[in-house]
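> Take this structure, written in C-alpha cells, and hold onto it; I'll ask about it next.
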Amino acid sequence: MKKYVLQRILRSILSILIVTTIAFVLVYTLVPRQDIFVSDPTYTKLKAQPDELLDYENVTYQSNGYLDYYNPSQLCTAATSNDAEYTDCVDGNGKQYIDAWAQENSKWVVSNMPMSGKAYATREIPTLEKVVRFYGSFLQIDHPWRVQDASNPDMSRGLGLSMNENVGLAITCEGCESKNQVYINGSFPFIHQNFIKINLGKAYPTYKGQEVTQVIGGSQGSPVSRQVTFETGKTGSSALDFGTCKYRPSDRLDRLDKENFNDNYADCLSINDAPSMLSMSFITGVMSVILAYAIAVPAGVVMARKKGMFVDRFGVAIITVLISVPSLASVYFFRMIGSSFFGMPENFPTLGPSNPLSYVMPTIILALLSVSGIMMWIRRYMIDQQSADYVKFAKAKGLSDKEISKNHIFKNAIIPITAGIPASVIGAIAGATITEQVFAMPGMGKMLPDAILQHNNAIVIGLVFIFTTMSIISVLLGDILLTKVDPRIKLDTKGGK
C-alpha cells in the first residue's frame, strides 16, 4: 500500500507537470502576445508617446517572460562594461561600443527608439527556455540569507521562537523574506507556513503585479479592522494580517512603519471579509458532491427496487430531462425556481460572502448537474445485479426484496459508487465555471474564463495547475477510499504478479 501510494504520488506529480507545461506552451505559442495589452489602460494612455510606449511594451513582455530587454541606459551599461571611463552612449563613440556589443551578442536585436533614436536591445526567449525559467523559480524556499538590503548592511540573521497575540506561536526569522516561517493560531487551517512557496508568476493586466498564488488563495472583499497592539506597544485599529508580514527595505519604510514595527517586517497583507477564490470554489465543490450523492444514491436505489412502477418511470423521466437540457439552461431554470419560489438571491453579491444563503443556490445547482448521471448509473447497476446468482440464492433462503437490496446488492454497489467519486469531483470543477459565472460568484470557476478573455496568462496557467492538481488528488484519494470500503481490493501486488 505504501509503495503504491508513493508511486502514485510520483506519477501524479509528473502528470501535473505535463499538463501545466502543455498549457504553458499553448499560451505562449498560440496566443498573440500583443493581446495582453487589450485590458491595460496604461497602454492606451501611452499611445501618444512612442518612446514611452515602446519601453512599456518591452518591460511588460519581459515581466511576462516573452523576452529579455535592455533599455537605452541598461544597454549602454552593458556595452561599456569593459571601459570604466566611458559610460555615456549619446555621442558617436557610443554607437561603436553598442555595435561591438551587438556583434558579440548575436542573439540580441539592437533597435532604435522611434522618437529619440536611442538604442535598445531585445532577445526573444525560446519556448524551452521559458519553460525552464518557469520551473526554475517554481518552488521558492525562504532562508535567513534571502534578503539582501544595501540600506541595512548590519541586518541580523537567524531563526527564533516567539509568541504574541497578533500571530500566535511562531518560528520567526531575521533575514528571510517572511518574518513568520511557521505559525499556529485559531484561523483555518490553523497551521500556516511561509517557508516554502509555489511561485506561479505575477498577474497581468488584471491584478497587475500581484502574485498569482495571492490572487487565487488570498482573501477578498473589504478589509476588516480590529483593535490590536503593535510591536512598539502602540494600540489602534488595523486590518493587517501580521502573520503575512514581509521584509521592507529600510529606504522604503515610512513614518507609520517605524511607529508600528520594531524591525523592517512591515509589508503585511490585510484581513478581508470574503474568502479566497480557492476557498469559495472548494466549499461549493465539496458540498455539491456530497449533496449530489445524498440525492442520487437513495433515488437510484428506490428506482431499482420499484423497477417499472410509477416511481421508476418518474425518475427516468427526470433523468432524461436533466441529461437532455443543456447545462447552462438548467442553471438559469433552477436559479429562477430558487428566486421565485424560495426567495433565494439571483446573484452572489446580493447578500455577499458573509451570508450562508449566498452559497445555497450555486451549491444545489452544481449538485443537480451531476445527479442525473449518478442516479442512472446506480439504477442500472442495481437492476443488473438483481439477476446475479447471489441474489437468486438470497431469495431461495427466503429473504425479502428489501433485505436483499439493502444487505447484498447495495453493499456490492458501494464499490463502483466510490470509484465514481473522483469523476464527480472533476465534474464539479468543470460545472463551477458555469455556475460561478451565472451567479457572479468570485471563485476559481469564474476567474478562469475571465482570465482567458483578459489574456491574463499567469492566472490561466495557475488555474490550470490548481484544477489539475485537485483532479489528480481526487483520483488518488478515490483509490485509497476503495480499499477502505472493500478490504479485498489491493492497490499493490505481491510475489512479482
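In the C-alpha cells, each chain is lettered A, B, ... as it comes, each chain's residues begin at 1, and ligands are numbered from 1 in order of appearance.
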Can you pull out every residue within 9 Å of stretch 17-28 of chain A, counting only C-alpha atoms, but drop anything in the same chain fewer than 5 positions away, and send it as a ChimeraX atom specification?

/A:12,33,66,127-128,130-131,457-458,460-462,464-465,468

> When you look at stretch 389-405 of chain A with a cut-off of 12 Å (counting only C-alpha atoms), what residues show up, excluding the ones that are within fewer than 5 positions of it in the same chain? I need them as an MDAnalysis selection string.

chainID A and resid 298 300:306 379 381:384 410:414

> From the options A:Asn185, A:Gln454, A:Gly431, A:Ile415, which residue's atoms come nearest to A:Arg488, counting only C-alpha atoms?

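For A:Arg488, the nearest of the given residues is A:Ile415.
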
> One number please: atom CA of A:Gly373 to atom CA of A:Gly338, in Å, one decimal.

22.2 Å

> For A:Phe242, work out the shell of residues within 7 Å, counting only C-alpha atoms and skipping chain neighbours fewer than 3 positions away, then give it as a list in words.

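So the residues in contact are Asn166, Val167, Cys245 and Cys268 of chain A.
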
> With N, CA and C atoms retained, could you export that selection as a PDB file, in the first residue's frame?


```
ATOM      1  N   ASN A 166      -0.939  38.752  18.235  1.00  0.00           N
ATOM      2  CA  ASN A 166      -1.296  39.053  16.850  1.00  0.00           C
ATOM      3  C   ASN A 166      -1.017  37.899  15.896  1.00  0.00           C
ATOM      4  N   VAL A 167      -0.034  37.069  16.198  1.00  0.00           N
ATOM      5  CA  VAL A 167       0.367  35.983  15.308  1.00  0.00           C
ATOM      6  C   VAL A 167       0.115  34.624  15.938  1.00  0.00           C
ATOM      7  N   CYS A 245       3.534  39.263   7.284  1.00  0.00           N
ATOM      8  CA  CYS A 245       4.450  40.391   7.120  1.00  0.00           C
ATOM      9  C   CYS A 245       5.756  39.967   6.443  1.00  0.00           C
ATOM     10  N   CYS A 268       2.710  43.930   5.131  1.00  0.00           N
ATOM     11  CA  CYS A 268       1.741  42.897   5.535  1.00  0.00           C
ATOM     12  C   CYS A 268       0.473  42.971   4.683  1.00  0.00           C
TER      13      CYS A 268
END
```

> Which neighbours of stretch 226-232 of chain A fall inside 12 Å, counting only C-alpha atoms, when residues of the same chain fewer than 2 positions from it are skipped, and could you give them as a PyMOL selection string?

chain A and resi 163-167+223-224+234-242+256-266+270-272

> Please list as a PyMOL selection string every residue within 6 Å of A:Thr172, counting only C-alpha atoms and excluding residues in the same chain fewer than 6 positions away.

chain A and resi 159-161+179-181

> Restricting it to N, CA, C and O atoms, dump the selection as a PDB file, in the first residue's frame.


```
ATOM      1  N   LEU A 159      17.080  32.171  13.035  1.00  0.00           N
ATOM      2  CA  LEU A 159      15.739  31.707  13.374  1.00  0.00           C
ATOM      3  C   LEU A 159      15.508  31.810  14.877  1.00  0.00           C
ATOM      4  O   LEU A 159      16.456  31.769  15.658  1.00  0.00           O
ATOM      5  N   GLY A 160      14.246  31.935  15.260  1.00  0.00           N
ATOM      6  CA  GLY A 160      13.894  32.018  16.671  1.00  0.00           C
ATOM      7  C   GLY A 160      12.463  31.580  16.899  1.00  0.00           C
ATOM      8  O   GLY A 160      11.741  31.228  15.956  1.00  0.00           O
ATOM      9  N   LEU A 161      12.045  31.597  18.141  1.00  0.00           N
ATOM     10  CA  LEU A 161      10.690  31.196  18.518  1.00  0.00           C
ATOM     11  C   LEU A 161      10.032  32.355  19.243  1.00  0.00           C
ATOM     12  O   LEU A 161      10.651  32.996  20.097  1.00  0.00           O
ATOM     13  N   LYS A 179       8.757  37.118   7.877  1.00  0.00           N
ATOM     14  CA  LYS A 179       9.199  37.062   9.271  1.00  0.00           C
ATOM     15  C   LYS A 179       8.745  35.782   9.947  1.00  0.00           C
ATOM     16  O   LYS A 179       9.511  35.142  10.670  1.00  0.00           O
ATOM     17  N   ASN A 180       7.485  35.391   9.731  1.00  0.00           N
ATOM     18  CA  ASN A 180       6.924  34.204  10.386  1.00  0.00           C
ATOM     19  C   ASN A 180       6.984  33.024   9.428  1.00  0.00           C
ATOM     20  O   ASN A 180       6.201  32.948   8.476  1.00  0.00           O
ATOM     21  N   GLN A 181       7.906  32.122   9.668  1.00  0.00           N
ATOM     22  CA  GLN A 181       8.080  30.979   8.783  1.00  0.00           C
ATOM     23  C   GLN A 181       6.992  29.928   9.001  1.00  0.00           C
ATOM     24  O   GLN A 181       6.440  29.402   8.054  1.00  0.00           O
TER      25      GLN A 181
END
```

> Go through stretch 288-452 of chain A and collect every residue that DSSP, computed from the backbone, puts in helix (DSSP H, G or I); the answer should be as a PyMOL selection string.

chain A and resi 288-305+310-324+327-342+348-350+357-385+389-396+401-419+421-438+444-452

> Hey, which of A:Ile283, A:Cys173, A:Leu75, A:Ala203 ends up closest to A:Ala121? Count only C-alpha atoms.

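Among the listed residues, the smallest separation from A:Ala121 belongs to A:Leu75.
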
> Restricting the calculation to only C-alpha atoms: of A:Ser250, A:Asn105, A:Gln96, A:Thr77, which residue gets closest to A:Met155?

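Going through A:Ser250, A:Asn105, A:Gln96, A:Thr77 one by one, the smallest distance to A:Met155 is for A:Ser250.
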
> Can you measure atom CA of A:Gln214 to atom CA of A:Ser276 for me? One decimal in Å is fine.

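Between atom CA of A:Gln214 and atom CA of A:Ser276 the gap works out to 8.9 Å.
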
> Excluding same-chain residues fewer than 3 positions from A:Thr320, what lies within 12 Å of it counting only C-alpha atoms, as a ChimeraX atom specification?

/A:313-317,323-326,371-373,375-376

> Residues within 9 Å of A:Asn456, please, as a PyMOL selection string. Count only C-alpha atoms; anything in the same chain fewer than 3 positions from it doesn't count.

chain A and resi 36+203-206+450-453+459-461

> Take the residues that were just selected and, keeping N, CA and C atoms, output them as a compact mmCIF listing (two decimals), in the first residue's frame.


```
# COMPACT_ATOMS: atom_id res chain seq x y z
N ILE A 36 -2.10 40.78 -24.71
CA ILE A 36 -2.06 41.01 -23.27
C ILE A 36 -2.33 42.47 -22.93
N ALA A 203 0.41 38.34 -11.89
CA ALA A 203 -0.74 38.57 -12.76
C ALA A 203 -0.55 39.84 -13.59
N TYR A 204 -1.13 39.82 -14.79
CA TYR A 204 -1.14 40.98 -15.68
C TYR A 204 -2.12 40.68 -16.81
N PRO A 205 -2.96 41.64 -17.23
CA PRO A 205 -3.05 43.03 -16.79
C PRO A 205 -3.97 43.22 -15.56
N THR A 206 -4.97 42.34 -15.37
CA THR A 206 -5.78 42.44 -14.17
C THR A 206 -4.97 41.94 -12.97
N ASP A 450 -12.69 34.52 -17.20
CA ASP A 450 -12.34 35.94 -17.13
C ASP A 450 -10.87 36.15 -17.49
N ALA A 451 -10.00 35.30 -16.95
CA ALA A 451 -8.57 35.43 -17.22
C ALA A 451 -8.26 35.16 -18.68
N ILE A 452 -8.97 34.21 -19.29
CA ILE A 452 -8.76 33.91 -20.71
C ILE A 452 -9.16 35.11 -21.56
N LEU A 453 -10.32 35.70 -21.27
CA LEU A 453 -10.79 36.85 -22.05
C LEU A 453 -9.89 38.07 -21.87
N ILE A 459 -2.49 33.92 -14.65
CA ILE A 459 -3.67 33.41 -13.94
C ILE A 459 -4.18 32.14 -14.61
N VAL A 460 -4.23 32.13 -15.94
CA VAL A 460 -4.70 30.95 -16.67
C VAL A 460 -3.85 29.74 -16.35
N ILE A 461 -2.54 29.89 -16.43
CA ILE A 461 -1.63 28.78 -16.15
C ILE A 461 -1.74 28.35 -14.69
```

> Could you jot down the atom CA of A:Ser81 to atom CA of A:Arg252 separation for me, Å, one decimal place?

29.5 Å
